[in-house]
$ cat target15.cif   # mmCIF, C-alpha atoms
data_final
loop_
_atom_site.label_atom_id
_atom_site.label_comp_id
_atom_site.auth_asym_id
_atom_site.auth_seq_id
_atom_site.Cartn_x
_atom_site.Cartn_y
_atom_site.Cartn_z
CA MET D 1 -39.62 132.47 7.99
CA GLY D 2 -42.41 133.70 10.26
CA ASN D 3 -43.25 130.11 10.97
CA LYS D 4 -39.70 129.41 11.99
CA THR D 5 -39.66 132.30 14.47
CA ASN D 6 -42.88 130.98 15.90
CA GLU D 7 -41.37 127.52 16.36
CA TRP D 8 -38.36 129.01 18.07
CA TRP D 9 -40.53 130.90 20.51
CA LYS D 10 -42.55 127.81 21.27
CA GLY D 11 -39.36 126.08 22.33
CA MET D 12 -38.18 129.06 24.32
CA MET D 13 -41.32 130.03 26.13
CA LEU D 14 -42.95 127.90 28.77
CA THR D 15 -46.64 128.07 29.49
CA CYS D 16 -47.87 129.71 32.69
CA ASN D 17 -49.07 126.29 33.77
CA ASP D 18 -45.56 124.85 33.56
CA VAL D 19 -43.93 127.87 35.11
CA THR D 20 -46.13 127.84 38.20
CA ARG D 21 -45.66 124.10 38.55
CA MET D 22 -41.91 124.13 38.29
CA SER D 23 -41.08 127.35 40.09
CA PHE D 24 -40.96 125.75 43.53
CA ASP D 25 -39.72 122.37 44.63
CA THR D 26 -39.33 119.45 42.27
CA PRO D 27 -40.09 115.79 42.96
CA TYR D 28 -37.28 113.63 44.24
CA GLY D 29 -34.86 112.70 41.51
CA VAL D 30 -36.08 115.37 39.14
CA LYS D 31 -33.61 118.14 38.51
CA LEU D 32 -34.26 121.10 36.31
CA SER D 33 -31.55 121.80 33.80
CA PHE D 34 -29.75 125.09 33.75
CA PHE D 35 -31.50 125.92 30.52
CA MET D 36 -34.89 125.14 32.05
CA ARG D 37 -34.22 127.36 35.05
CA LEU D 38 -33.22 130.10 32.67
CA LYS D 39 -36.46 129.68 30.77
CA LEU D 40 -38.42 129.91 34.02
CA LYS D 41 -36.66 133.11 34.95
CA LEU D 42 -37.18 134.54 31.53
CA HIS D 43 -40.88 133.79 31.64
CA ARG D 44 -41.30 135.35 35.06
CA ALA D 45 -39.48 138.43 33.89
CA VAL D 46 -42.06 139.10 31.20
CA CYS D 47 -45.25 137.63 32.66
CA ILE D 48 -46.61 139.84 35.42
CA TRP D 49 -48.98 137.16 36.77
CA CYS D 50 -46.40 134.45 37.01
CA LYS D 51 -44.08 136.93 38.63
CA ARG D 52 -46.73 137.80 41.20
CA TYR D 53 -47.59 134.17 41.72
CA PHE D 54 -43.95 133.42 42.36
CA ASN D 55 -43.42 136.21 44.89
CA GLN D 56 -46.69 135.68 46.69
CA THR D 57 -46.31 131.94 46.95
CA LYS D 58 -42.74 132.40 48.10
CA PHE D 59 -44.07 134.58 50.87
CA LEU D 60 -46.76 132.07 51.82
CA ARG D 61 -44.17 129.33 52.07
CA LYS D 62 -42.21 131.50 54.46
CA ALA D 63 -45.35 132.14 56.48
CA MET D 64 -46.12 128.42 56.68
CA LYS D 65 -42.64 127.76 58.02
CA ALA D 66 -43.21 130.41 60.68
CA HIS D 67 -46.58 128.95 61.53
CA GLN D 68 -46.68 126.44 64.39
CA PRO D 69 -50.02 124.67 64.34
CA THR D 70 -49.34 122.96 67.65
CA ALA D 71 -49.38 126.39 69.21
CA ASP D 72 -52.31 127.32 67.01
CA THR D 73 -54.88 129.31 68.93
CA SER D 74 -57.72 127.43 67.32
CA LEU D 75 -56.34 124.24 68.86
CA SER D 76 -55.27 125.45 72.27
CA ASP D 77 -58.69 124.73 73.72
CA SER D 78 -58.75 121.20 72.38
CA CYS D 79 -58.37 118.78 75.24
CA LEU D 80 -59.26 115.26 76.05
CA THR D 81 -62.23 115.21 78.38
CA ASN D 82 -61.78 113.80 81.88
CA GLU D 83 -63.94 110.89 80.95
CA GLU D 84 -61.79 110.09 77.94
CA LYS D 85 -58.70 110.26 80.09
CA GLU D 86 -60.18 107.87 82.62
CA ILE D 87 -61.06 105.39 79.89
CA LEU D 88 -57.58 105.73 78.45
CA LYS D 89 -55.96 105.17 81.85
CA LYS D 90 -58.07 102.10 82.41
CA THR D 91 -57.18 100.70 79.00
CA LEU D 92 -53.53 101.24 79.74
CA GLN D 93 -53.65 99.67 83.17
CA ASP D 94 -55.47 96.67 81.77
CA ALA D 95 -52.88 96.32 79.05
CA ASN D 96 -50.13 96.68 81.61
CA ASN D 97 -51.62 94.03 83.85
CA SER D 98 -52.27 91.55 81.10
CA ASP D 99 -48.63 91.88 80.12
CA LYS D 100 -47.57 91.05 83.65
CA ASP D 101 -49.85 88.03 83.70
CA LEU D 102 -48.06 86.76 80.67
CA VAL D 103 -44.68 87.17 82.30
CA PHE D 104 -45.50 85.48 85.59
CA MET S 1 -29.90 107.48 88.88
CA GLU S 2 -32.21 104.69 87.91
CA LYS S 3 -31.39 102.72 84.85
CA SER S 4 -33.84 103.42 82.09
CA SER S 5 -34.94 99.82 81.85
CA GLN S 6 -35.89 99.84 85.49
CA ARG S 7 -37.67 103.14 85.38
CA LYS S 8 -41.22 102.66 86.36
CA ILE S 9 -43.68 104.11 83.97
CA ASP S 10 -46.93 105.09 85.47
CA PRO S 11 -49.65 105.21 82.81
CA ILE S 12 -51.84 107.43 84.95
CA LEU S 13 -49.21 110.12 85.26
CA LEU S 14 -48.32 109.85 81.60
CA VAL S 15 -51.92 110.53 80.64
CA ASP S 16 -52.34 113.39 83.08
CA ASP S 17 -49.09 115.07 82.16
CA HIS S 18 -49.01 114.66 78.41
CA GLY S 19 -52.44 113.55 77.22
CA ASP S 20 -53.68 116.94 76.11
CA TYR S 21 -50.40 117.85 74.52
CA LEU S 22 -50.26 114.65 72.49
CA PHE S 23 -53.88 115.01 71.50
CA ARG S 24 -53.30 118.54 70.19
CA TYR S 25 -50.17 117.43 68.41
CA ALA S 26 -52.04 114.63 66.67
CA LEU S 27 -54.98 116.86 65.93
CA ALA S 28 -52.75 119.44 64.29
CA LYS S 29 -51.51 116.74 61.94
CA VAL S 30 -54.56 114.68 61.14
CA ARG S 31 -57.35 117.20 61.70
CA ASP S 32 -59.81 114.60 62.89
CA GLU S 33 -60.68 114.43 66.59
CA ASP S 34 -61.65 110.80 66.77
CA PHE S 35 -58.69 109.72 64.79
CA ALA S 36 -56.37 111.88 66.90
CA LYS S 37 -57.73 110.16 70.02
CA ASP S 38 -57.05 106.76 68.51
CA LEU S 39 -53.51 107.79 67.72
CA VAL S 40 -52.95 109.00 71.28
CA GLN S 41 -54.19 105.70 72.67
CA GLU S 42 -51.98 103.72 70.30
CA THR S 43 -49.06 105.86 71.35
CA TYR S 44 -49.59 105.16 75.02
CA LEU S 45 -50.09 101.48 74.42
CA ALA S 46 -46.84 101.31 72.50
CA ALA S 47 -45.14 103.30 75.24
CA ILE S 48 -46.13 101.05 78.12
CA LYS S 49 -45.38 97.95 76.12
CA LYS S 50 -41.89 99.12 75.41
CA PRO S 51 -40.84 101.20 78.38
CA GLU S 52 -37.25 100.29 77.64
CA SER S 53 -37.36 102.49 74.55
CA TYR S 54 -37.39 105.42 76.93
CA GLU S 55 -33.77 106.28 77.20
CA GLY S 56 -33.99 108.74 80.00
CA ARG S 57 -31.87 111.11 77.97
CA SER S 58 -34.88 112.94 76.66
CA THR S 59 -37.95 114.07 78.49
CA GLU S 60 -40.98 111.83 78.67
CA ARG S 61 -42.80 114.21 76.39
CA THR S 62 -40.14 114.01 73.69
CA TRP S 63 -40.19 110.25 73.95
CA LEU S 64 -43.97 110.04 73.64
CA THR S 65 -44.01 112.57 70.82
CA SER S 66 -41.51 110.54 68.84
CA ILE S 67 -43.72 107.46 69.19
CA LEU S 68 -46.70 109.51 68.09
CA LYS S 69 -44.77 110.78 65.08
CA HIS S 70 -44.13 107.21 64.02
CA LYS S 71 -47.78 106.37 64.40
CA ILE S 72 -48.71 109.32 62.22
CA ALA S 73 -46.13 108.34 59.61
CA ASP S 74 -47.55 104.80 59.55
CA HIS S 75 -50.95 106.25 58.98
CA TYR S 76 -49.74 108.43 56.14
CA HIS S 77 -48.10 105.47 54.53
CA LYS S 78 -51.30 103.47 54.51
CA TYR S 79 -53.21 106.55 53.54
CA GLY S 80 -50.89 107.31 50.66
CA ARG S 81 -51.54 103.91 49.16
CA GLU S 82 -55.23 104.62 49.26
CA ILE S 83 -54.90 108.00 47.59
CA THR S 84 -56.09 107.63 44.06
CA PHE S 85 -55.05 110.91 42.59
CA ASP S 86 -54.49 109.11 39.37
CA ALA S 87 -58.14 108.31 39.02
CA SER S 88 -59.53 111.54 40.36
CA ASP S 89 -57.30 113.93 38.48
CA PRO S 90 -55.34 112.11 35.80
CA ASP S 91 -53.73 115.03 34.03
CA GLY S 92 -53.89 117.59 36.76
CA LEU S 93 -57.13 118.84 35.28
CA TYR S 94 -57.78 120.84 38.41
CA THR S 95 -54.69 122.92 37.90
CA LYS S 96 -55.53 123.41 34.26
CA ARG S 97 -58.68 125.20 35.36
CA TYR S 98 -56.43 128.06 36.31
CA PHE S 99 -55.10 128.41 32.79
CA LYS S 100 -56.75 128.56 29.45
CA PRO S 101 -55.17 127.82 26.14
CA GLU S 102 -54.60 130.95 24.16
CA GLY S 103 -53.03 130.14 20.86
CA TRP S 104 -50.16 127.86 21.79
CA ILE S 105 -49.73 129.26 25.26
CA PHE S 106 -51.56 128.33 28.44
CA PHE S 107 -52.45 131.67 29.85
CA TRP S 108 -53.85 132.58 33.26
CA ASN S 109 -57.60 132.34 33.33
CA LYS S 110 -58.99 135.78 34.04
CA LYS S 111 -60.72 134.62 37.23
CA PHE S 112 -57.53 133.31 38.75
CA ARG S 113 -54.91 135.83 37.74
CA PRO S 114 -52.84 136.79 40.78
CA ALA S 115 -53.79 140.32 41.78
CA ARG S 116 -51.68 142.87 43.52
CA TRP S 117 -52.08 142.44 47.28
CA SER S 118 -53.35 145.49 49.08
CA LEU S 119 -51.91 144.43 52.43
CA SER S 120 -48.20 144.39 52.96
CA PRO S 121 -47.15 140.76 53.38
CA GLU S 122 -44.27 141.48 55.72
CA LYS S 123 -46.42 143.20 58.31
CA THR S 124 -48.90 140.41 58.23
CA LEU S 125 -46.50 137.82 59.68
CA GLU S 126 -46.96 139.23 63.16
CA ASN S 127 -50.72 139.22 62.92
CA LYS S 128 -52.25 136.26 64.72
CA GLU S 129 -55.46 136.44 62.72
CA PHE S 130 -53.45 135.87 59.59
CA TYR S 131 -52.55 132.38 60.75
CA GLY S 132 -56.18 131.68 61.52
CA VAL S 133 -57.07 132.50 57.91
CA LEU S 134 -54.11 130.45 56.71
CA GLU S 135 -55.45 127.48 58.66
CA LYS S 136 -58.87 127.97 57.12
CA CYS S 137 -57.46 128.03 53.63
CA LEU S 138 -55.44 124.89 54.32
CA ALA S 139 -58.57 123.22 55.65
CA ASP S 140 -60.33 124.11 52.40
CA LEU S 141 -58.01 121.80 50.50
CA PRO S 142 -59.19 118.23 49.98
CA ASP S 143 -58.09 116.17 53.01
CA THR S 144 -55.55 114.04 51.20
CA ILE S 145 -53.92 117.01 49.54
CA GLU S 146 -53.93 118.93 52.80
CA SER S 147 -52.03 116.16 54.62
CA VAL S 148 -49.37 115.96 51.94
CA PHE S 149 -49.03 119.72 51.72
CA ARG S 150 -48.78 120.17 55.49
CA PHE S 151 -46.18 117.45 55.68
CA ARG S 152 -44.16 119.24 53.04
CA GLU S 153 -44.56 122.91 53.87
CA LEU S 154 -45.38 123.13 57.57
CA ASP S 155 -43.19 120.29 58.73
CA GLY S 156 -40.53 121.19 56.20
CA ASN S 157 -39.86 117.66 54.94
CA PRO S 158 -37.89 117.34 51.70
CA SER S 159 -39.73 116.05 48.64
CA LYS S 160 -37.98 112.68 48.89
CA GLU S 161 -39.43 112.08 52.32
CA VAL S 162 -42.88 113.30 51.32
CA GLN S 163 -43.00 110.94 48.35
CA GLU S 164 -41.78 107.99 50.38
CA THR S 165 -44.12 108.64 53.26
CA PHE S 166 -47.18 108.96 51.06
CA ASN S 167 -46.01 106.60 48.34
CA LEU S 168 -46.33 109.16 45.60
CA SER S 169 -45.00 109.05 42.08
CA SER S 170 -43.15 112.10 40.81
CA SER S 171 -46.02 113.22 38.66
CA ASN S 172 -48.53 112.84 41.48
CA TYR S 173 -46.26 114.78 43.77
CA TRP S 174 -46.09 117.56 41.23
CA ILE S 175 -49.83 117.63 40.67
CA ILE S 176 -50.62 117.70 44.39
CA MET S 177 -48.17 120.43 45.28
CA HIS S 178 -49.15 122.53 42.30
CA ARG S 179 -52.81 122.22 43.08
CA ALA S 180 -52.28 123.02 46.76
CA ARG S 181 -50.16 126.09 46.04
CA LEU S 182 -52.54 127.47 43.44
CA SER S 183 -55.55 127.02 45.72
CA LEU S 184 -53.84 128.35 48.80
CA ARG S 185 -52.57 131.47 47.10
CA GLN S 186 -55.96 132.15 45.60
CA CYS S 187 -57.73 131.58 48.90
CA MET S 188 -55.36 133.81 50.86
CA GLU S 189 -55.74 136.56 48.29
CA VAL S 190 -59.51 136.55 48.57
CA LYS S 191 -59.83 135.90 52.28
CA TRP S 192 -56.99 137.95 53.62
CA PHE S 193 -54.85 140.16 51.44
CA ASN S 194 -57.59 141.71 49.37
CA SER S 195 -60.56 141.15 51.62
CA GLU S 196 -62.38 144.21 52.84
CA PHE S 197 -61.91 143.12 56.44
CA GLY S 198 -58.21 142.38 56.22
#
$ encode --input "target15.cif" --output "C-alpha coordinates"
Amino acid sequence: MGNKTNEWWKGMMLTCNDVTRMSFDTPYGVKLSFFMRLKLKLHRAVCIWCKRYFNQTKFLRKAMKAHQPTADTSLSDSCLTNEEKEILKKTLQDANNSDKDLVF
Amino acid sequence: MEKSSQRKIDPILLVDDHGDYLFRYALAKVRDEDFAKDLVQETYLAAIKKPESYEGRSTERTWLTSILKHKIADHYHKYGREITFDASDPDGLYTKRYFKPEGWIFFWNKKFRPARWSLSPEKTLENKEFYGVLEKCLADLPDTIESVFRFRELDGNPSKEVQETFNLSSSNYWIIMHRARLSLRQCMEVKWFNSEFG
(Lines of atoms letter the chains of each structure in order from A and count residues from 1; the text may use other names and numbers.)
(Lines give C-alpha, C1' and ligand atoms only; values in the text may rest on other atoms or scores of the structure.)
Protein backbone atom coordinates (compact mmCIF):
# COMPACT_ATOMS: atom_id res chain seq x y z
CA MET A 1 0.00 0.00 0.00
CA GLY A 2 2.72 2.43 1.01
CA ASN A 3 4.60 1.43 -2.09
CA LYS A 4 1.61 2.20 -4.23
CA THR A 5 1.26 5.71 -2.79
CA ASN A 6 4.92 6.25 -3.48
CA GLU A 7 4.49 5.19 -7.10
CA TRP A 8 1.56 7.53 -7.48
CA TRP A 9 3.55 10.44 -6.18
CA LYS A 10 6.43 9.65 -8.49
CA GLY A 11 4.05 9.98 -11.41
CA MET A 12 2.51 13.14 -10.06
CA MET A 13 5.56 15.05 -8.96
CA LEU A 14 8.15 16.38 -11.36
CA THR A 15 11.73 16.92 -10.33
CA CYS A 16 13.05 20.46 -9.84
CA ASN A 17 15.29 19.84 -12.83
CA ASP A 18 12.30 19.18 -15.09
CA VAL A 19 10.24 21.99 -13.66
CA THR A 20 12.90 24.63 -14.25
CA ARG A 21 13.51 23.30 -17.74
CA MET A 22 9.90 23.27 -18.80
CA SER A 23 8.59 26.35 -17.05
CA PHE A 24 9.52 28.72 -19.87
CA ASP A 25 9.45 28.26 -23.60
CA THR A 26 9.42 24.86 -25.25
CA PRO A 27 11.24 23.82 -28.42
CA TYR A 28 9.38 24.13 -31.68
CA GLY A 29 6.83 21.40 -32.13
CA VAL A 30 6.85 20.40 -28.49
CA LYS A 31 3.67 21.19 -26.65
CA LEU A 32 3.09 20.51 -23.01
CA SER A 33 -0.11 18.71 -22.25
CA PHE A 34 -2.69 20.21 -19.99
CA PHE A 35 -1.85 17.61 -17.40
CA MET A 36 1.84 18.47 -17.61
CA ARG A 37 1.17 22.17 -17.16
CA LEU A 38 -0.94 21.31 -14.16
CA LYS A 39 1.90 19.27 -12.71
CA LEU A 40 4.28 22.18 -13.22
CA LYS A 41 1.94 24.53 -11.42
CA LEU A 42 1.43 22.08 -8.63
CA HIS A 43 5.15 21.66 -8.15
CA ARG A 44 5.76 25.40 -8.07
CA ALA A 45 3.01 25.81 -5.54
CA VAL A 46 4.78 23.58 -3.05
CA CYS A 47 8.46 24.08 -3.89
CA ILE A 48 9.67 27.47 -2.69
CA TRP A 49 12.87 27.37 -4.78
CA CYS A 50 11.18 26.50 -8.02
CA LYS A 51 8.63 29.16 -7.30
CA ARG A 52 11.37 31.72 -6.76
CA TYR A 53 13.25 30.52 -9.81
CA PHE A 54 10.12 30.94 -11.86
CA ASN A 55 9.34 34.47 -10.69
CA GLN A 56 12.90 35.69 -10.83
CA THR A 57 13.58 34.28 -14.27
CA LYS A 58 10.29 35.68 -15.47
CA PHE A 59 11.47 39.07 -14.32
CA LEU A 60 14.86 38.67 -16.00
CA ARG A 61 13.17 37.80 -19.27
CA LYS A 62 11.18 40.98 -19.01
CA ALA A 63 14.35 42.94 -18.29
CA MET A 64 16.10 41.42 -21.31
CA LYS A 65 13.23 42.49 -23.54
CA ALA A 66 13.55 46.02 -22.17
CA HIS A 67 17.28 45.97 -22.70
CA GLN A 68 18.56 47.40 -25.98
CA PRO A 69 22.19 46.41 -26.41
CA THR A 70 22.60 48.64 -29.44
CA ALA A 71 22.01 51.56 -27.13
CA ASP A 72 24.14 49.87 -24.51
CA THR A 73 26.40 52.34 -22.78
CA SER A 74 29.29 49.93 -22.82
CA LEU A 75 29.11 49.95 -26.62
CA SER A 76 28.39 53.60 -27.32
CA ASP A 77 32.09 54.41 -27.44
CA SER A 78 32.84 51.64 -29.90
CA CYS A 79 33.64 53.14 -33.26
CA LEU A 80 35.57 52.25 -36.32
CA THR A 81 38.82 54.17 -36.37
CA ASN A 82 39.40 56.70 -39.14
CA GLU A 83 42.05 54.46 -40.56
CA GLU A 84 39.67 51.52 -40.71
CA LYS A 85 37.09 53.67 -42.42
CA GLU A 86 39.58 54.79 -45.03
CA ILE A 87 40.58 51.20 -45.75
CA LEU A 88 36.93 50.24 -45.98
CA LYS A 89 36.17 53.10 -48.37
CA LYS A 90 39.08 52.13 -50.55
CA THR A 91 37.99 48.50 -50.64
CA LEU A 92 34.52 49.58 -51.64
CA GLN A 93 35.68 51.94 -54.34
CA ASP A 94 37.94 49.27 -55.76
CA ALA A 95 35.08 46.80 -55.77
CA ASN A 96 32.85 49.38 -57.39
CA ASN A 97 35.37 50.14 -60.10
CA SER A 98 36.14 46.54 -60.88
CA ASP A 99 32.43 45.99 -61.36
CA LYS A 100 32.29 48.82 -63.85
CA ASP A 101 35.25 47.41 -65.73
CA LEU A 102 33.34 44.22 -66.14
CA VAL A 103 30.34 46.03 -67.53
CA PHE A 104 32.16 48.18 -70.06
CA MET B 1 12.16 61.66 -57.55
CA GLU B 2 14.91 59.44 -58.81
CA LYS B 3 14.09 55.86 -59.49
CA SER B 4 15.73 53.59 -56.99
CA SER B 5 17.68 51.72 -59.63
CA GLN B 6 19.24 54.94 -60.80
CA ARG B 7 20.03 56.22 -57.36
CA LYS B 8 23.69 56.72 -57.05
CA ILE B 9 25.20 55.11 -54.04
CA ASP B 10 28.30 56.73 -52.78
CA PRO B 11 30.36 54.27 -50.73
CA ILE B 12 32.23 57.07 -49.01
CA LEU B 13 29.09 58.68 -47.68
CA LEU B 14 27.65 55.32 -46.69
CA VAL B 15 30.70 54.59 -44.57
CA ASP B 16 30.78 58.03 -42.99
CA ASP B 17 27.09 58.11 -42.21
CA HIS B 18 26.44 54.58 -41.06
CA GLY B 19 29.77 52.86 -40.43
CA ASP B 20 29.84 53.31 -36.68
CA TYR B 21 26.21 52.45 -36.29
CA LEU B 22 26.56 49.22 -38.24
CA PHE B 23 29.70 48.33 -36.38
CA ARG B 24 27.98 48.76 -33.01
CA TYR B 25 24.99 46.82 -34.22
CA ALA B 26 27.18 43.93 -35.32
CA LEU B 27 29.24 44.12 -32.16
CA ALA B 28 26.14 43.91 -30.00
CA LYS B 29 25.25 40.66 -31.74
CA VAL B 30 28.55 38.88 -32.21
CA ARG B 31 30.63 40.38 -29.39
CA ASP B 32 33.86 40.17 -31.32
CA GLU B 33 35.40 43.35 -32.70
CA ASP B 34 37.31 41.85 -35.58
CA PHE B 35 34.43 39.74 -36.63
CA ALA B 36 32.05 42.70 -36.38
CA LYS B 37 34.37 44.66 -38.69
CA ASP B 38 34.34 41.83 -41.21
CA LEU B 39 30.58 41.76 -41.12
CA VAL B 40 30.38 45.50 -41.72
CA GLN B 41 32.68 45.21 -44.72
CA GLU B 42 30.68 42.32 -46.15
CA THR B 43 27.53 44.34 -45.68
CA TYR B 44 28.90 47.29 -47.61
CA LEU B 45 30.23 45.10 -50.35
CA ALA B 46 26.85 43.46 -50.74
CA ALA B 47 25.21 46.87 -50.70
CA ILE B 48 27.26 48.40 -53.49
CA LYS B 49 27.01 45.27 -55.56
CA LYS B 50 23.27 45.32 -55.38
CA PRO B 51 22.27 48.95 -55.15
CA GLU B 52 18.97 48.06 -56.77
CA SER B 53 17.94 46.26 -53.59
CA TYR B 54 17.62 49.70 -52.05
CA GLU B 55 14.01 50.50 -52.57
CA GLY B 56 14.08 54.08 -51.54
CA ARG B 57 11.08 53.43 -49.36
CA SER B 58 13.20 52.92 -46.30
CA THR B 59 16.14 54.92 -45.11
CA GLU B 60 19.64 53.93 -46.13
CA ARG B 61 20.31 52.87 -42.58
CA THR B 62 17.36 50.49 -42.50
CA TRP B 63 18.45 49.05 -45.80
CA LEU B 64 22.03 48.50 -44.66
CA THR B 65 20.88 47.11 -41.33
CA SER B 66 18.69 44.54 -43.05
CA ILE B 67 21.66 43.38 -45.12
CA LEU B 68 23.74 43.17 -41.97
CA LYS B 69 21.02 41.14 -40.27
CA HIS B 70 21.17 38.63 -43.09
CA LYS B 71 24.92 38.42 -42.80
CA ILE B 72 24.62 37.75 -39.09
CA ALA B 73 21.97 35.10 -39.68
CA ASP B 74 24.23 33.40 -42.24
CA HIS B 75 26.97 33.37 -39.69
CA TYR B 76 24.72 31.86 -37.04
CA HIS B 77 23.66 29.18 -39.43
CA LYS B 78 27.21 28.12 -40.13
CA TYR B 79 28.03 28.53 -36.48
CA GLY B 80 25.11 26.40 -35.40
CA ARG B 81 26.35 23.52 -37.48
CA GLU B 82 29.68 23.75 -35.74
CA ILE B 83 28.17 23.77 -32.27
CA THR B 84 28.74 20.40 -30.77
CA PHE B 85 26.62 20.60 -27.69
CA ASP B 86 25.99 16.94 -28.09
CA ALA B 87 29.58 16.10 -27.47
CA SER B 88 30.30 18.67 -24.82
CA ASP B 89 27.21 18.16 -22.71
CA PRO B 90 25.34 15.05 -23.79
CA ASP B 91 22.72 14.84 -21.08
CA GLY B 92 22.69 18.41 -19.96
CA LEU B 93 25.17 17.49 -17.26
CA TYR B 94 25.82 21.14 -16.61
CA THR B 95 22.24 21.77 -15.61
CA LYS B 96 22.25 18.69 -13.44
CA ARG B 97 24.96 20.32 -11.35
CA TYR B 98 22.25 22.55 -10.01
CA PHE B 99 20.26 19.62 -8.70
CA LYS B 100 21.17 16.62 -6.67
CA PRO B 101 19.26 13.41 -6.46
CA GLU B 102 17.53 13.06 -3.15
CA GLY B 103 15.66 9.83 -2.99
CA TRP B 104 13.71 9.77 -6.24
CA ILE B 105 13.57 13.52 -6.60
CA PHE B 106 16.12 15.87 -8.11
CA PHE B 107 16.34 18.57 -5.55
CA TRP B 108 18.05 21.96 -5.72
CA ASN B 109 21.67 21.74 -4.76
CA LYS B 110 22.22 23.83 -1.67
CA LYS B 111 24.74 26.09 -3.42
CA PHE B 112 22.34 27.02 -6.17
CA ARG B 113 19.01 27.36 -4.43
CA PRO B 114 17.35 30.60 -5.52
CA ALA B 115 17.50 33.02 -2.61
CA ARG B 116 15.15 35.82 -1.80
CA TRP B 117 16.32 38.97 -3.59
CA SER B 118 17.04 41.87 -1.30
CA LEU B 119 16.57 44.47 -4.04
CA SER B 120 13.17 45.10 -5.47
CA PRO B 121 13.21 43.91 -9.08
CA GLU B 122 10.72 46.46 -10.34
CA LYS B 123 12.77 49.44 -9.24
CA THR B 124 15.84 48.00 -10.81
CA LEU B 125 14.53 48.26 -14.37
CA GLU B 126 15.21 51.98 -14.45
CA ASN B 127 18.74 51.59 -13.16
CA LYS B 128 21.30 51.80 -15.95
CA GLU B 129 23.93 49.94 -13.96
CA PHE B 130 21.60 46.98 -13.80
CA TYR B 131 21.88 46.52 -17.55
CA GLY B 132 25.65 46.72 -17.31
CA VAL B 133 25.62 43.81 -14.85
CA LEU B 134 23.14 41.96 -17.05
CA GLU B 135 25.55 42.33 -19.96
CA LYS B 136 28.38 41.00 -17.82
CA CYS B 137 26.39 37.98 -16.79
CA LEU B 138 25.43 37.29 -20.40
CA ALA B 139 29.08 37.58 -21.38
CA ASP B 140 29.92 34.99 -18.73
CA LEU B 141 27.98 32.37 -20.66
CA PRO B 142 29.96 30.26 -23.14
CA ASP B 143 30.01 32.11 -26.49
CA THR B 144 27.84 29.66 -28.37
CA ILE B 145 25.20 29.58 -25.68
CA GLU B 146 25.31 33.34 -25.36
CA SER B 147 24.57 33.83 -29.08
CA VAL B 148 21.61 31.48 -29.01
CA PHE B 149 20.26 32.97 -25.81
CA ARG B 150 20.58 36.55 -27.04
CA PHE B 151 18.88 35.63 -30.27
CA ARG B 152 16.01 34.16 -28.30
CA GLU B 153 15.58 36.53 -25.37
CA LEU B 154 16.97 39.89 -26.43
CA ASP B 155 15.85 39.77 -30.03
CA GLY B 156 12.64 38.03 -29.07
CA ASN B 157 12.71 35.37 -31.80
CA PRO B 158 10.33 32.43 -31.37
CA SER B 159 11.86 29.03 -30.64
CA LYS B 160 11.14 27.83 -34.18
CA GLU B 161 13.30 30.56 -35.64
CA VAL B 162 16.06 30.04 -33.08
CA GLN B 163 16.25 26.34 -33.85
CA GLU B 164 16.25 26.89 -37.60
CA THR B 165 18.83 29.65 -37.47
CA PHE B 166 21.23 27.67 -35.33
CA ASN B 167 20.26 24.25 -36.60
CA LEU B 168 19.38 22.93 -33.19
CA SER B 169 17.51 19.79 -32.27
CA SER B 170 14.72 20.10 -29.73
CA SER B 171 16.75 18.54 -26.98
CA ASN B 172 19.74 20.77 -27.66
CA TYR B 173 17.49 23.79 -27.66
CA TRP B 174 16.13 22.77 -24.30
CA ILE B 175 19.55 22.12 -22.82
CA ILE B 176 20.96 25.43 -24.03
CA MET B 177 18.08 27.56 -22.84
CA HIS B 178 17.91 25.79 -19.51
CA ARG B 179 21.60 26.18 -18.92
CA ALA B 180 21.56 29.85 -19.91
CA ARG B 181 18.61 30.67 -17.67
CA LEU B 182 20.02 28.84 -14.67
CA SER B 183 23.40 30.54 -15.04
CA LEU B 184 22.00 33.97 -15.70
CA ARG B 185 19.66 33.90 -12.73
CA GLN B 186 22.42 32.70 -10.46
CA CYS B 187 24.84 35.31 -11.74
CA MET B 188 22.36 38.17 -11.38
CA GLU B 189 21.53 37.08 -7.86
CA VAL B 190 25.15 37.14 -6.78
CA LYS B 191 26.30 40.16 -8.76
CA TRP B 192 23.32 42.41 -8.46
CA PHE B 193 20.31 41.54 -6.35
CA ASN B 194 22.11 40.25 -3.31
CA SER B 195 25.49 41.87 -3.77
CA GLU B 196 26.62 44.24 -1.06
CA PHE B 197 27.12 46.99 -3.62
CA GLY B 198 23.77 46.64 -5.34
$ resolve_selection --input "target15.cif" --expression "the PyMOL selection byres ((chain S and resi 9-25) around 8)" --output "list in words"
Thr70, Leu75, Ser76, Ser78, Cys79, Leu80, Lys85, Leu88, Lys89, Leu92 and Gln93 of chain D; Arg7, Lys8, Ala26, Leu27, Ala28, Lys29, Ala36, Lys37, Val40, Tyr44, Ile48, Pro51, Arg61, Leu64, Thr65 and Leu68 of chain S
$ resolve_selection --input "target15.cif" --expression "the PyMOL selection byres ((chain D and resi 37) around 12)" --output "JSON, numbers by chain"
{"D": [12, 13, 14, 18, 19, 22, 23, 24, 26, 31, 32, 33, 34, 35, 36, 38, 39, 40, 41, 42, 43, 44]}
$ atom_distance --input "target15.cif" --atom1 "atom CA of Tyr76 of chain S" --atom2 "atom CA of Lys49 of chain S"
23.0 Å
$ resolve_selection --input "target15.cif" --expression "the PyMOL selection byres ((chain D) within 6 of (chain S))" --output "NGL selection string"
:D and (15-16 or 21 or 27-28 or 49 or 53 or 64-65 or 69-70 or 79-80 or 89)
$ atom_distance --input "target15.cif" --atom1 "atom CA of Leu93 of chain S" --atom2 "atom CA of Ala180 of chain S"
13.1 Å
$ atom_distance --input "target15.cif" --atom1 "atom CA of Thr165 of chain S" --atom2 "atom CA of Ser58 of chain S"
25.5 Å
$ closest_residue --input "target15.cif" --among "S:Asn109, S:Thr43, S:Thr59, S:Ser120" --to "Gln56 of chain D" --atoms "only C-alpha atoms"
S:Ser120
